[in-house]
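Read through the structure below, which is laid out as structure tokens, and then see the notes.
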Amino acid sequence: MIRSVITGTGSALPANCVSNADLAERVDTSDEWIVERTGIRQRYIAAEGETTSTLAIDASRKALAAAGVDADEIGLIILATATPDHTFPATATQVQAALGCGGGVAFDVQAVCSGFLYALATADSLLRTGMAKKALVIGSETFSRILDWDDRTTCVLFGDGAGAIVLEAKDVAEDGPGILASRLHAEGAHKDMLYVDGGPSTTGTVGKLRMKGREVFRHAVVNLADVLREVLEETGMKAADIDWVVPHQANARILDATARKLDLPSEKVVVTVDRHANTSAASVPLALDTAVQDGRIKQGDLVMFEAMGGGFTWGASLARM
């Protein structure tokens, strides 16, 4: 059967690492307050000249090198971001030009923190129809540019970064590698719980991020547990079969609560929120590359990806590496 197989991963972070203590110098907060409520200890903040596209390009080059794939072999680029370089053109086209893989398909996906899951499912579908043979799926964000640095309840939560994977259509055995199943959802009725108060057609400004944290937490735990069960049911797997869960790195409490609802041991959950904070669409591929690079995730492992973001949007995908 034809499956979309992850053959390479890569990630990129800005040069500037900002600790909680550093943040406390400009915001009314403390390391103890942030760690207790979120598990975050540091984050990376993009400097002038570091953008969503430059981070995406860096992560993509590393993923291509890991996969042993030349840029001109890539026929599809999908970039998940809520912080594009420009309103248009799509940031994916800038990545395409920089890598030198023109002529294929390149576009952005905007589903906020769920963006990478949406991009992954879309790329998987297109590869299996023969639209392309090899794809780059990227999550890249510079959320620091849309934060209200006077709002200590939100500005401490986010960071900048990028992650990328090379996805290849391959003929594999039933028990072989590849994306096994994906499930996506959205519920626009909850828009006002997590949003940016600006936009080209409303205010003509970029706007700043606004969030009702308690409500988001409550919905996240329920929705993520439900969508993980959906994917397991579709594949005939059980939670015990999963080797690793690579979740959206929103908050340590959400990660713990979701794992408990599924009776998943914490040691199977890849956690990078302490180092990277919430990097929105970049968080899942960034965490994946971290676990691949340190040797935790190996070929043959069964890995579950999951995320929830503003909209609300949420989803999960199960893959064998």
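Every chain in the structure tokens has a letter given in the order shown (A, B, ...), and although residue numbers restart at 1 in each chain, ligands are simply numbered from 1 in the order shown.
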
Next on the checklist: Please extract the residues of range 108-197 of chain A with a backbone DSSP assignment of alpha helix (DSSP H) and present them as a VMD selection string.
Outcome noted: chain A and resid 115 to 128 152 to 155

Same residues, C-alpha atoms, output as a PDB file, in the first residue's frame:
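Generated file (again.pdb):
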```pdb
ATOM      1  CA  GLY A 115      -1.585  23.931  12.088  1.00  0.00           C
ATOM      2  CA  PHE A 116       1.081  21.250  11.782  1.00  0.00           C
ATOM      3  CA  LEU A 117      -1.508  18.481  12.221  1.00  0.00           C
ATOM      4  CA  TYR A 118      -3.689  20.080   9.531  1.00  0.00           C
ATOM      5  CA  ALA A 119      -0.663  20.430   7.234  1.00  0.00           C
ATOM      6  CA  LEU A 120       0.430  16.838   7.875  1.00  0.00           C
ATOM      7  CA  ALA A 121      -3.016  15.404   7.086  1.00  0.00           C
ATOM      8  CA  THR A 122      -3.280  17.535   3.943  1.00  0.00           C
ATOM      9  CA  ALA A 123       0.170  16.531   2.696  1.00  0.00           C
ATOM     10  CA  ASP A 124      -0.578  12.872   3.430  1.00  0.00           C
ATOM     11  CA  SER A 125      -3.755  13.052   1.344  1.00  0.00           C
ATOM     12  CA  LEU A 126      -2.024  14.781  -1.585  1.00  0.00           C
ATOM     13  CA  LEU A 127       0.902  12.356  -1.592  1.00  0.00           C
ATOM     14  CA  ARG A 128      -1.398   9.339  -1.614  1.00  0.00           C
ATOM     15  CA  ARG A 152       1.785  38.606  32.007  1.00  0.00           C
ATOM     16  CA  THR A 153      -0.844  35.864  31.695  1.00  0.00           C
ATOM     17  CA  THR A 154      -0.079  35.362  27.979  1.00  0.00           C
ATOM     18  CA  CYS A 155       3.348  36.770  27.119  1.00  0.00           C
TER      19      CYS A 155
END
```

Hey, could you make a per-residue contact list for range 139-173 of chain A against range 14-18 of chain A with 12 Å as the cut-off, showing the nearest pair of atoms and its distance in Å to one decimal, counting only C-alpha atoms, sorted by chain and number, as a Markdown table?
```
| residue | atom | partner | partner_atom | distance |
| --- | --- | --- | --- | --- |
| A:Ser140 | CA | A:Pro14 | CA | 11.4 |
| A:Glu141 | CA | A:Pro14 | CA | 10.7 |
| A:Thr142 | CA | A:Pro14 | CA | 9.4 |
| A:Ser144 | CA | A:Pro14 | CA | 11.3 |
| A:Val156 | CA | A:Val18 | CA | 10.2 |
| A:Leu157 | CA | A:Val18 | CA | 11.9 |
| A:Phe158 | CA | A:Val18 | CA | 11.0 |
| A:Gly159 | CA | A:Val18 | CA | 9.1 |
| A:Asp160 | CA | A:Pro14 | CA | 7.0 |
| A:Gly161 | CA | A:Pro14 | CA | 6.5 |
| A:Ala162 | CA | A:Pro14 | CA | 9.1 |
```

Dump of N, CA and C atoms for the selected residues, as a short mmCIF file (atom, residue, chain, number, x, y, z; two decimals), in the first residue's frame:
```
data_model
loop_
_atom_site.label_atom_id
_atom_site.label_comp_id
_atom_site.auth_asym_id
_atom_site.auth_seq_id
_atom_site.Cartn_x
_atom_site.Cartn_y
_atom_site.Cartn_z
N SER A 140 6.16 26.80 11.53
CA SER A 140 7.11 27.86 11.87
C SER A 140 6.35 29.07 12.39
N GLU A 141 6.85 29.65 13.49
CA GLU A 141 6.14 30.76 14.11
C GLU A 141 7.11 31.78 14.72
N THR A 142 6.67 33.03 14.69
CA THR A 142 7.31 34.10 15.46
C THR A 142 6.20 34.77 16.28
N SER A 144 6.26 35.92 19.16
CA SER A 144 6.67 37.07 19.96
C SER A 144 6.23 38.38 19.33
N VAL A 156 4.20 35.24 28.82
CA VAL A 156 5.18 34.29 29.37
C VAL A 156 5.05 32.90 28.74
N LEU A 157 3.97 32.66 28.00
CA LEU A 157 3.65 31.31 27.54
C LEU A 157 4.28 30.93 26.21
N PHE A 158 4.67 31.91 25.40
CA PHE A 158 5.00 31.63 24.01
C PHE A 158 6.46 31.89 23.66
N GLY A 159 6.90 31.20 22.61
CA GLY A 159 8.24 31.38 22.07
C GLY A 159 8.21 31.23 20.57
N ASP A 160 9.36 31.40 19.95
CA ASP A 160 9.49 31.32 18.49
C ASP A 160 10.31 30.09 18.11
N GLY A 161 10.07 29.57 16.91
CA GLY A 161 10.84 28.43 16.44
C GLY A 161 10.21 27.80 15.22
N ALA A 162 10.85 26.73 14.73
CA ALA A 162 10.35 26.04 13.54
C ALA A 162 10.75 24.57 13.59
#
```

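Of the listed residues A:Ile34, A:Ile45, A:Leu79, A:Val270, the one whose atoms come nearest to Leu255 in chain A is A:Val270, with distances taken using only C-alpha atoms.
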
Can you build me a table of range 61-108 of chain A residues sitting at most 12 Å from range 196-205 of chain A, with the closest atom pair per residue and its distance in Å to one decimal, using only C-alpha atoms, sorted by chain and residue number, as a tab-separated table?
```
residue	atom	partner	partner_atom	distance
A:Ala82	CA	A:Val196	CA	9.9
A:Thr83	CA	A:Val196	CA	10.9
A:His86	CA	A:Pro200	CA	11.1
A:Thr87	CA	A:Pro200	CA	8.1
A:Phe88	CA	A:Pro200	CA	11.1
```

From the list A:Met1, A:Val109, A:Asp150, A:Ala97, the nearest residue to Arg26 in chain A using only C-alpha atoms is A:Asp150

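Contact shell of Gln299 in chain A at 12 Å (only C-alpha atoms; same-chain neighbours under 6 positions omitted): Val5, Ile6, Thr7, Gly8, Gly176, Pro177, Gly178, Asp243, Val292, Ala319, Arg320 and Met321 of chain A.
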
Next item on the list: Pick out the residues sitting within 10 Å of Val216 in chain A, and hand them over as a VMD selection string; count only C-alpha atoms, and ignore anything fewer than 3 positions along from it in its own chain.
Entry: chain A and resid 190 193 to 194 211 to 213 219 to 221 254 308 to 310 312

Take the residues from that selection and put them in a file with N, CA and C atoms, as an mmCIF file, in the first residue's frame.
```
data_model
loop_
_atom_site.group_PDB
_atom_site.id
_atom_site.type_symbol
_atom_site.label_atom_id
_atom_site.label_comp_id
_atom_site.auth_asym_id
_atom_site.auth_seq_id
_atom_site.Cartn_x
_atom_site.Cartn_y
_atom_site.Cartn_z
ATOM 1 N N HIS A 190 -16.166 28.830 19.691
ATOM 2 C CA HIS A 190 -15.306 29.175 20.819
ATOM 3 C C HIS A 190 -14.195 30.156 20.430
ATOM 4 N N MET A 193 -12.315 32.625 22.921
ATOM 5 C CA MET A 193 -11.497 32.145 24.037
ATOM 6 C C MET A 193 -10.000 32.238 23.742
ATOM 7 N N LEU A 194 -9.638 32.247 22.455
ATOM 8 C CA LEU A 194 -8.231 32.338 22.072
ATOM 9 C C LEU A 194 -8.175 32.937 20.670
ATOM 10 N N MET A 211 -6.400 35.578 25.372
ATOM 11 C CA MET A 211 -6.753 34.208 25.745
ATOM 12 C C MET A 211 -7.444 34.152 27.096
ATOM 13 N N LYS A 212 -8.469 33.284 27.178
ATOM 14 C CA LYS A 212 -9.105 32.940 28.445
ATOM 15 C C LYS A 212 -8.549 31.577 28.862
ATOM 16 N N GLY A 213 -7.509 31.618 29.664
ATOM 17 C CA GLY A 213 -6.719 30.430 29.930
ATOM 18 C C GLY A 213 -7.467 29.262 30.532
ATOM 19 N N HIS A 219 -11.288 22.832 27.684
ATOM 20 C CA HIS A 219 -11.617 22.280 26.368
ATOM 21 C C HIS A 219 -10.468 21.431 25.827
ATOM 22 N N ALA A 220 -9.243 21.868 26.053
ATOM 23 C CA ALA A 220 -8.093 21.153 25.502
ATOM 24 C C ALA A 220 -8.006 19.726 26.025
ATOM 25 N N VAL A 221 -8.146 19.545 27.313
ATOM 26 C CA VAL A 221 -8.007 18.204 27.900
ATOM 27 C C VAL A 221 -9.075 17.261 27.343
ATOM 28 N N ILE A 254 -1.597 20.676 30.872
ATOM 29 C CA ILE A 254 -2.434 20.067 29.835
ATOM 30 C C ILE A 254 -1.844 18.726 29.407
ATOM 31 N N MET A 308 -4.064 21.159 19.851
ATOM 32 C CA MET A 308 -5.279 21.956 19.846
ATOM 33 C C MET A 308 -4.899 23.426 19.843
ATOM 34 N N GLY A 309 -5.647 24.226 19.069
ATOM 35 C CA GLY A 309 -5.336 25.639 18.986
ATOM 36 C C GLY A 309 -6.578 26.493 18.846
ATOM 37 N N GLY A 310 -6.352 27.795 18.703
ATOM 38 C CA GLY A 310 -7.440 28.746 18.558
ATOM 39 C C GLY A 310 -8.329 28.400 17.388
ATOM 40 N N PHE A 312 -12.004 26.975 17.950
ATOM 41 C CA PHE A 312 -10.952 26.019 18.257
ATOM 42 C C PHE A 312 -10.704 25.078 17.081
#
```

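Using only C-alpha atoms for every distance, the candidate list A:Arg183, A:Arg253, A:Arg210, A:Arg229 yields A:Arg183 as the residue closest to Thr313 in chain A.
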
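Distance-wise, CA of Lys134 in chain A and CA of Leu76 in chain A end up 6.7 Å apart.
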
Using only C-alpha atoms, the shortest atom-to-atom distance to Ile2 in chain A among A:Lys208, A:Lys298, A:Thr129, A:Ile165 belongs to A:Thr129

Separating CA of Pro84 in chain A from CA of Ala98 in chain A, to the nearest tenth of an Å, is a gap of 15.6 Å
